[in-house]
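Right, one structure below, let's go through it.
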Amino acid sequence: MVAFFLISSLFLRGQVDSVFTGQSPSTKPVSHKPPKSEEWKKSLTWGGNFQAWLGNPTFVILSPTIGFMAYKNVNVGLGIIYNYTSYSTSYGSYAQSIFGAHSYVRYIIADSYFLQAQFDKLNQPNLMSFDPNDKIWVNYLMVGGGFRQRLGEKTALTTSIMYNLSPSPLSIYPSRVLVQFGIVGGF
């Protein structure tokens with residue numbers, strides 16, 4: 001029994017280290033992962049449009065977007081749209097909410113001007129139905145251009161004039177020409 005403990009203690013190395021034995025510690029190769037590239041974040045943009053008219057009638061539109069600079073002067077993006085309208089008359093009150101999504105391609109010219117194509121898909125009241133709760137999806141294809149006024153290195157105010165190429169009797173827009181105001185920035 002004593003012999004077993006003596007022999008087994010020969011294989012134990014609990015107290016042996018490089019300082020005690022005078023040997024340098026063994027170094028295992030440490031694999032360093034290359035740092036993740038953060039360059040793609042510099043190509044992301046944020047922004048959107050906000051418009052409001054408060055009173056009677058009340059009109060509010062919110063349209064936040066997220067985009068990506070696909071090329072030096074080309075920004076593509078997606079966004080959501082929420083539109084609220086209400087008005088009151090002597091015959092009663094009316095309110096509606098419209099929601100949907102949109103995508104855009106913006107080509108920047110000379111840092112201050114841009115051309116834009118935009119596609120909106122909105123879930124809105126069906127103006128051809130007698131049921132006021134009936135909703136329908138309507139597509140809008142718009143093209144136009146605008147002006148960017150820089151607020152800093154990565155932020156600008158935008159004003160654009162868009163022309164609706166897909167007029168429809170179901171259109172919620174009173175005219176084929178729309179004026180949009182917004183903001184755009186980078187991360």
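Numbering starts fresh at 1 for the residues of each chain in the structure tokens, the chains themselves are lettered A, B, ... in the order given, and ligands are numbered from 1 as they appear.
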
Can you pull out every residue within 10 Å of stretch 56-73 of chain A, counting only C-alpha atoms, but drop anything in the same chain fewer than 6 positions away, and send it as JSON, numbers by chain? {"A": [40, 41, 42, 43, 44, 45, 46, 47, 48, 49, 50, 79, 80, 81, 82, 83, 84, 85, 86, 87, 88, 89, 94, 95, 96, 97, 98, 99, 100, 101, 102, 103, 104, 105, 106, 107, 108, 109, 110, 111, 114, 182, 183, 184, 185, 186]}

Identify, on the basis of only C-alpha atoms, every residue whose closest approach to stretch 174-178 of chain A does not exceed 6 Å; exclude the query and any residue fewer than 6 positions from it along the same chain; express the result as a PyMOL selection string. chain A and resi 161-164

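For the pair atom CA of A:Leu165 and atom CA of A:Asn126, the separation is 19.9 Å.
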
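Running DSSP on the backbone and keeping only alpha helix (DSSP H), the residues of stretch 18-174 of chain A that qualify are Ser18, Val19, Phe20, Thr21, Glu39, Trp40, Lys41 and Lys42 of chain A.
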
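Minimum atom-to-atom distance to A:Lys121, evaluated using only C-alpha atoms, belongs to A:Leu78 out of A:Ala156, A:Ala52, A:Leu78, A:Leu151.
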
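Across the model, the gap from atom CA of A:Asp120 to atom CA of A:Gln180 is 13.6 Å.
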
From the DSSP assignment of the backbone, select every residue of stretch 57-142 of chain A that is strand (DSSP E), and format the answer as a VMD selection string. chain A and resid 58 to 71 74 to 89 92 to 109 113 to 125 135 to 142

So the first atom is atom CA of A:Met128 and the second is atom CA of A:Pro169; what is the distance between them in Å, to one decimal place? 8.3 Å

With distances taken over only C-alpha atoms, which residue among A:Ser168, A:Gln51, A:Gln124, A:Ser112 lies nearest A:Gly146? A:Ser112

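For the residues A:Tyr140, A:Tyr91, A:Phe187, A:Phe119, ranking by smallest atom-to-atom distance to A:Ser166 using only C-alpha atoms places A:Tyr140 first.
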
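Shortest separation to A:Ser171 among A:Leu157, A:Leu127, A:Val76, A:Leu54 occurs at residue A:Leu127, atoms counted being only C-alpha atoms.
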